[in-house]
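Student: Sharing model.txt here; it has compact mmCIF, C-alpha atoms.
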```
# COMPACT_ATOMS: atom_id res chain seq x y z
CA MET A 28 0.00 0.00 0.00
CA GLU A 29 1.36 3.35 -0.99
CA ALA A 30 0.41 6.31 1.19
CA ASP A 31 0.77 8.68 -1.79
CA GLU A 32 -1.78 6.68 -3.77
CA LEU A 33 -4.22 6.81 -0.88
CA ASP A 34 -3.57 10.53 -0.54
CA ALA A 35 -4.57 11.02 -4.19
CA LEU A 36 -7.72 8.90 -3.79
CA ARG A 37 -9.21 11.20 -1.19
CA PHE A 38 -9.78 13.85 -3.87
CA GLU A 39 -11.70 11.47 -6.16
CA ASP A 40 -15.45 10.99 -6.44
CA PRO A 41 -16.95 7.98 -4.61
CA ALA A 42 -16.90 5.65 -7.63
CA ALA A 43 -13.28 6.50 -8.41
CA ARG A 44 -12.34 5.94 -4.75
CA ARG A 45 -13.79 2.45 -4.86
CA THR A 46 -12.11 1.66 -8.17
CA GLY A 47 -8.82 3.08 -6.90
CA LEU A 48 -8.95 1.04 -3.69
CA LEU A 49 -9.62 -2.12 -5.67
CA ALA A 50 -6.73 -1.31 -8.01
CA LEU A 51 -4.37 -0.85 -5.05
CA ARG A 52 -5.40 -4.15 -3.50
CA PRO A 53 -2.77 -6.84 -4.07
CA PRO A 54 -4.04 -10.13 -5.56
CA ALA A 55 -3.60 -12.03 -2.29
CA ALA A 56 -4.91 -9.21 -0.09
CA ASP A 57 -6.79 -10.34 2.97
CA THR A 58 -8.38 -8.80 6.02
CA ASN A 59 -5.05 -7.46 7.25
CA TRP A 60 -4.52 -5.44 4.08
CA TRP A 61 -7.94 -3.81 4.43
CA LEU A 62 -7.32 -3.15 8.12
CA GLY A 63 -4.03 -1.46 7.21
CA VAL A 64 -5.76 0.82 4.70
CA VAL A 65 -8.58 1.64 7.11
CA GLN A 66 -6.15 2.32 9.95
CA HIS A 67 -4.01 4.60 7.78
CA VAL A 68 -6.87 6.74 6.49
CA THR A 69 -8.60 6.80 9.89
CA LEU A 70 -5.46 8.11 11.53
CA ARG A 71 -5.23 10.78 8.86
CA ALA A 72 -8.88 11.74 9.44
CA THR A 73 -8.59 11.91 13.21
CA GLY A 74 -4.92 12.60 13.93
CA PRO A 75 -3.81 15.79 15.64
CA GLY A 76 -1.46 16.68 12.77
CA THR A 77 -4.16 16.75 10.11
CA PRO A 78 -5.37 20.22 9.17
CA ASP A 79 -9.09 20.65 9.82
CA GLY A 80 -9.71 21.35 6.13
CA GLU A 81 -8.42 17.89 5.19
CA ARG A 82 -10.23 15.79 7.80
CA ARG A 83 -13.47 15.40 5.84
CA ALA A 84 -11.70 14.13 2.71
CA TRP A 85 -9.80 11.55 4.77
CA ALA A 86 -13.00 10.55 6.58
CA GLU A 87 -14.79 10.09 3.24
CA LEU A 88 -11.93 7.88 2.07
CA ALA A 89 -12.18 5.89 5.31
CA VAL A 90 -15.89 5.32 4.69
CA ALA A 91 -15.13 4.27 1.11
CA ALA A 92 -12.46 1.84 2.30
CA LEU A 93 -14.81 0.32 4.88
CA GLU A 94 -17.65 -0.03 2.37
CA THR A 95 -15.38 -1.51 -0.29
CA ALA A 96 -13.86 -3.95 2.19
CA LEU A 97 -17.35 -5.03 3.21
CA GLU A 98 -18.50 -5.44 -0.40
CA THR A 99 -15.48 -7.55 -1.31
CA GLY A 100 -15.59 -9.70 1.82
CA GLY A 101 -12.35 -8.23 3.16
CA LEU A 102 -14.08 -7.17 6.40
CA ASP A 103 -17.31 -8.39 7.94
CA GLY A 104 -20.26 -6.18 8.82
CA ARG A 105 -19.54 -6.15 12.54
CA GLU A 106 -15.97 -4.98 12.01
CA VAL A 107 -17.12 -2.25 9.64
CA ALA A 108 -19.91 -1.07 11.93
CA THR A 109 -17.71 -0.78 15.01
CA ARG A 110 -15.01 1.06 13.06
CA GLU A 111 -17.60 3.44 11.62
CA ALA A 112 -18.86 4.12 15.14
CA GLY A 113 -15.36 4.85 16.39
CA LEU A 114 -14.71 7.17 13.48
CA SER A 115 -18.04 8.92 13.93
CA LEU A 116 -17.26 9.49 17.61
CA ALA A 117 -13.78 10.80 16.87
CA LEU A 118 -14.81 13.37 14.27
CA PRO A 119 -16.43 16.73 14.96
CA ALA A 120 -19.99 16.91 13.61
CA GLY A 121 -19.06 19.49 10.97
CA VAL A 122 -16.42 17.20 9.48
CA ARG A 123 -18.39 13.96 9.53
CA PRO A 124 -19.42 12.68 6.10
CA GLU A 125 -23.01 11.57 5.51
CA GLY A 126 -22.01 7.90 5.86
CA LEU A 127 -20.92 8.52 9.45
CA ARG A 128 -24.10 10.18 10.71
CA PRO A 129 -24.61 8.93 14.29
CA ASP A 130 -28.20 7.75 13.61
CA ARG A 131 -27.10 5.65 10.63
CA VAL A 132 -24.07 4.19 12.40
CA ALA A 133 -25.94 3.39 15.63
CA ARG A 134 -28.78 1.73 13.69
CA ARG A 135 -26.29 -0.43 11.79
CA CYS A 136 -24.69 -1.53 15.07
CA LEU A 137 -28.05 -2.43 16.61
CA ASP A 138 -29.17 -4.30 13.49
CA LEU A 139 -26.01 -6.40 13.65
CA ALA A 140 -26.48 -7.14 17.36
CA GLY A 141 -29.02 -9.77 16.41
CA MET A 142 -31.14 -9.40 19.55
CA THR A 143 -33.53 -6.97 21.09
CA PRO A 144 -32.90 -5.61 24.58
CA ALA A 145 -35.69 -7.85 25.92
CA GLU A 146 -34.18 -10.95 24.29
CA ALA A 147 -30.74 -10.18 25.67
CA ALA A 148 -32.14 -9.50 29.14
CA GLY A 149 -34.14 -12.73 29.02
CA THR A 150 -31.18 -14.89 28.01
CA ARG A 151 -30.02 -16.73 31.09
CA TRP A 152 -26.38 -17.64 31.62
CA SER A 153 -23.92 -18.33 34.39
CA LEU A 154 -20.20 -18.87 34.60
CA ARG A 155 -20.07 -22.54 33.75
CA ALA A 156 -18.80 -24.54 30.81
CA GLU A 157 -22.27 -25.39 29.49
CA ASP A 158 -23.08 -21.69 29.03
CA VAL A 159 -19.94 -20.72 27.07
CA PRO A 160 -21.79 -20.55 23.70
CA VAL A 161 -24.50 -18.38 25.27
CA MET A 162 -21.89 -16.10 26.84
CA ARG A 163 -20.09 -15.76 23.51
CA ARG A 164 -23.31 -14.82 21.75
CA LEU A 165 -24.16 -12.25 24.41
CA ARG A 166 -20.62 -10.89 24.27
CA ARG A 167 -20.99 -10.36 20.50
CA VAL A 168 -24.24 -8.50 21.22
CA ARG A 169 -22.49 -6.31 23.79
CA ILE A 170 -19.66 -5.55 21.35
CA MET A 171 -22.18 -4.29 18.79
CA VAL A 172 -24.42 -2.34 21.16
CA ALA A 173 -21.66 -0.53 23.11
CA PRO A 174 -20.61 1.72 20.16
CA ALA A 175 -24.25 2.64 19.53
CA LEU A 176 -24.62 3.59 23.19
CA ALA A 177 -21.55 5.80 22.91
CA LEU A 178 -23.29 7.69 20.09
CA SER A 179 -26.63 8.06 21.90
CA SER A 180 -26.11 11.68 22.97
CA GLN A 181 -25.67 12.67 19.31
CA LEU A 182 -28.79 10.98 17.92
CA GLU A 183 -31.65 12.81 16.28
CA ASP A 184 -34.02 9.82 15.91
CA GLU A 185 -36.16 9.63 19.06
CA GLU A 186 -37.21 6.02 18.44
CA LEU A 187 -33.57 4.98 18.16
CA ARG A 188 -32.76 6.91 21.31
CA ARG A 189 -35.56 5.09 23.20
CA GLU A 190 -34.22 1.75 22.00
CA LEU A 191 -30.77 2.69 23.26
CA ASP A 192 -32.27 3.71 26.60
CA GLU A 193 -33.53 0.12 26.92
CA TRP A 194 -30.10 -1.23 26.00
CA GLU A 195 -28.42 0.98 28.57
CA THR A 196 -29.90 -1.05 31.40
CA VAL A 197 -29.25 -4.41 29.71
CA VAL A 198 -25.65 -4.03 28.51
CA PRO A 199 -24.04 -3.90 31.99
CA THR A 200 -25.60 -7.30 32.76
CA LEU A 201 -24.11 -8.99 29.69
CA PRO A 202 -20.88 -10.98 29.87
```
Output the structure of this file as structure tokens.

Tutor:
Amino acid sequence: MEADELDALRFEDPAARRTGLLALRPPAADTNWWLGVVQHVTLRATGPGTPDGERRAWAELAVAALETALETGGLDGREVATREAGLSLALPAGVRPEGLRPDRVARRCLDLAGMTPAEAAGTRWSLRAEDVPVMRRLRRVRIMVAPALALSSQLEDEELRRELDEWETVVPTLP
């Protein structure tokens, strides 16, 4: 991966960004390659040395990299959603691209949780070997809901906010 090539991609339109990312991808690229790209552009979008005027372009490239990685199978939906949430939290509202709107990102996280707050609260488990699969499932739920909770103060959608209020009491009880 060449940093100069990524630098040039941030000035392209969305379709050209996707095409450019795919052209940069080595034939045997795997998850680690995509994570390297995402990490590089995320650091540029959020780093203290980046001029404010450049943050949005880097953030848009980060969103493009995450979406392209998801489309190609380089990253799974849960990885993409949690990274989008982290990026959304790290960027000032005025710099955030449309793809990182807190309502959109929080909804994606909750959709990938795979359970409602009532289902999670009603799932019984204890610290014993027989419950390990249940604990793992609930842990995956917690990992997806926690970033959405972190975004709750920035949400505009009242229904989504109410759903997160329900999760706020359930998440501390999950493994």

Student: So which residues touch A:Arg188 within 8 Å, counting only C-alpha atoms, skipping near sequence neighbours fewer than 5 positions away, as a list in words?

Tutor: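 Returned residues: Ser179, Leu182 and Glu183 of chain A.
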
Student: Could you tell me how far atom CA of A:Thr95 sits from atom CA of A:Ala50, in Å to one decimal place?

Tutor: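 Computed distance, atom CA of A:Ala50 to atom CA of A:Thr95, equals 11.6 Å.
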
Student: Could you jot down the atom CA of A:Pro119 to atom CA of A:Val64 separation for me, Å, one decimal place?

Tutor: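 Interatomic distance here is 21.7 Å.
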
Student: For each of A:Ala43, A:Cys136, A:Ala112, A:Leu70, take the minimum atom-to-atom distance to A:Val172, counting all atoms listed in the file, then give the residue where this is smallest.

Tutor: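 Using all atoms listed in the file, A:Val172 sits closest to A:Cys136.
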
Student: Please report as a tab-separated table every residue of stretch 65-183 of chain A lying within 10 Å of stretch 36-42 of chain A, along with the nearest atom pair and their distance in Å (one decimal), using all atoms listed in the file.

Tutor:
```
residue	atom	partner	partner_atom	distance
A:Val68	CA	A:Arg37	CA	9.2
A:Glu81	CA	A:Arg37	CA	9.3
A:Arg83	CA	A:Arg37	CA	9.2
A:Ala84	CA	A:Arg37	CA	5.5
A:Trp85	CA	A:Arg37	CA	6.0
A:Ala86	CA	A:Arg37	CA	8.7
A:Glu87	CA	A:Arg37	CA	7.2
A:Leu88	CA	A:Arg37	CA	5.4
A:Ala89	CA	A:Arg37	CA	8.9
A:Val90	CA	A:Pro41	CA	9.7
A:Ala91	CA	A:Pro41	CA	7.1
```

Student: Tell me, in Å to one decimal, how far atom CA of A:Arg164 is from atom CA of A:Ala177.

Tutor: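 Answer for the atom CA of A:Arg164 to atom CA of A:Ala177 separation: 20.7 Å.
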
Student: Which residue, A:Leu97, A:Arg71, A:Asp57, A:Asp158, has the smallest gap to A:Arg45 when you use only C-alpha atoms?

Tutor: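 The closest residue to A:Arg45 is A:Leu97.
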
Student: Report as a ChimeraX atom specification all protein, DNA and RNA residues lying within 10 Å of A:Ala148, evaluated on all atoms listed in the file, omitting residues in the same chain fewer than 6 positions from it.

Tutor: /A:142,165,193-194,196-198,200-201

Student: Identify, on the basis of only C-alpha atoms, every residue whose closest approach to A:Ser115 does not exceed 9 Å; exclude the query and any residue fewer than 5 positions from it along the same chain; express the result as a compact mmCIF listing (two decimals) with C-alpha atoms, in the frame of the given file.

Tutor:
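Saved the output as selection19.txt:
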```
# COMPACT_ATOMS: atom_id res chain seq x y z
CA ARG A 110 -15.01 1.06 13.06
CA ALA A 120 -19.99 16.91 13.61
CA ARG A 123 -18.39 13.96 9.53
CA PRO A 124 -19.42 12.68 6.10
CA LEU A 127 -20.92 8.52 9.45
CA ARG A 128 -24.10 10.18 10.71
CA PRO A 129 -24.61 8.93 14.29
CA VAL A 132 -24.07 4.19 12.40
CA LEU A 178 -23.29 7.69 20.09
```

Student: Within 9 Å of A:Arg105, counting only C-alpha atoms, which residues qualify if same-chain residues fewer than 5 places away don't, as a list in words?

Tutor: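 Everything that qualifies: Arg110, Arg135, Cys136, Leu139, Ala140, Ile170 and Met171 of chain A.
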
Student: When distances are computed from all atoms listed in the file, which of A:Pro202, A:Glu29, A:Thr109, A:Gly47 shows the smallest separation from A:Pro160?

Tutor: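 Closest residue, counting all atoms listed in the file: A:Pro202.
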
Student: Have a look at A:His67, A:Arg166, A:Arg155, A:Arg131 and name the one nearest to A:Ala92; count all atoms listed in the file.

Tutor: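 Looking at the shortest contact to A:Ala92, the residue is A:His67.
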
Student: Using only C-alpha atoms, which residue out of A:Ser180, A:Thr58, A:Thr150, A:Thr69 lies closest to A:Leu33?

Tutor: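 Of the candidates, the smallest distance to A:Leu33 is held by A:Thr69.
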
Student: I'd like to know which of A:Gln66, A:Thr73, A:Thr99, A:Ser153 is closest to A:Ala30, using all atoms listed in the file.

Tutor: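 Ranked by minimum distance to A:Ala30, first place goes to A:Gln66.
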
Student: As a ChimeraX atom specification, please: the residues near A:Trp61 (cut-off 9 Å, only C-alpha atoms, same-chain neighbours under 6 positions excluded).

Tutor: /A:52,92-93,96,101-102

Student: With 4 Å on each side, where is the centre of the axis-aligned box around all listed atoms of stretch 117-130 of chain A, and how long are its edges in Å to one decimal, as JSON?

Tutor:
```
{"center_x": -21.0, "center_y": 13.6, "center_z": 11.2, "size_x": 22.4, "size_y": 19.7, "size_z": 19.4}
```

Student: Would you mind putting back N, CA, C and O atoms on stretch 96-108 of chain A, then writing it out as a CSV table (one decimal), in the frame of the given file?

Tutor:
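Everything below was put into result.csv:
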```csv
chain,number,residue,atom,x,y,z
A,96,ALA,N,-14.3,-2.7,1.5
A,96,ALA,CA,-13.9,-4.0,2.2
A,96,ALA,C,-15.0,-4.9,2.5
A,96,ALA,O,-15.0,-6.1,2.4
A,97,LEU,N,-16.1,-4.3,2.9
A,97,LEU,CA,-17.4,-5.0,3.2
A,97,LEU,C,-17.9,-5.7,1.9
A,97,LEU,O,-18.2,-6.9,1.9
A,98,GLU,N,-18.0,-4.9,0.9
A,98,GLU,CA,-18.5,-5.4,-0.4
A,98,GLU,C,-17.7,-6.6,-1.0
A,98,GLU,O,-18.2,-7.5,-1.6
A,99,THR,N,-16.4,-6.5,-0.8
A,99,THR,CA,-15.5,-7.6,-1.3
A,99,THR,C,-15.2,-8.7,-0.4
A,99,THR,O,-14.5,-9.7,-0.7
A,100,GLY,N,-15.8,-8.6,0.8
A,100,GLY,CA,-15.6,-9.7,1.8
A,100,GLY,C,-14.3,-9.6,2.6
A,100,GLY,O,-13.9,-10.5,3.4
A,101,GLY,N,-13.6,-8.5,2.4
A,101,GLY,CA,-12.4,-8.2,3.2
A,101,GLY,C,-12.6,-8.0,4.6
A,101,GLY,O,-11.7,-8.3,5.5
A,102,LEU,N,-13.7,-7.4,5.0
A,102,LEU,CA,-14.1,-7.2,6.4
A,102,LEU,C,-15.5,-7.6,6.5
A,102,LEU,O,-16.3,-7.4,5.6
A,103,ASP,N,-15.9,-8.0,7.7
A,103,ASP,CA,-17.3,-8.4,7.9
A,103,ASP,C,-18.1,-7.2,8.4
A,103,ASP,O,-17.5,-6.2,8.8
A,104,GLY,N,-19.4,-7.3,8.4
A,104,GLY,CA,-20.3,-6.2,8.8
A,104,GLY,C,-20.0,-5.7,10.2
A,104,GLY,O,-20.1,-4.5,10.5
A,105,ARG,N,-19.8,-6.6,11.1
A,105,ARG,CA,-19.5,-6.2,12.5
A,105,ARG,C,-18.3,-5.3,12.7
A,105,ARG,O,-18.2,-4.3,13.4
A,106,GLU,N,-17.2,-5.7,12.0
A,106,GLU,CA,-16.0,-5.0,12.0
A,106,GLU,C,-16.2,-3.6,11.4
A,106,GLU,O,-15.7,-2.6,12.0
A,107,VAL,N,-16.9,-3.5,10.3
A,107,VAL,CA,-17.1,-2.2,9.6
A,107,VAL,C,-18.0,-1.3,10.5
A,107,VAL,O,-17.7,-0.2,10.7
A,108,ALA,N,-19.0,-1.9,11.1
A,108,ALA,CA,-19.9,-1.1,11.9
A,108,ALA,C,-19.2,-0.5,13.2
A,108,ALA,O,-19.4,0.7,13.5
```
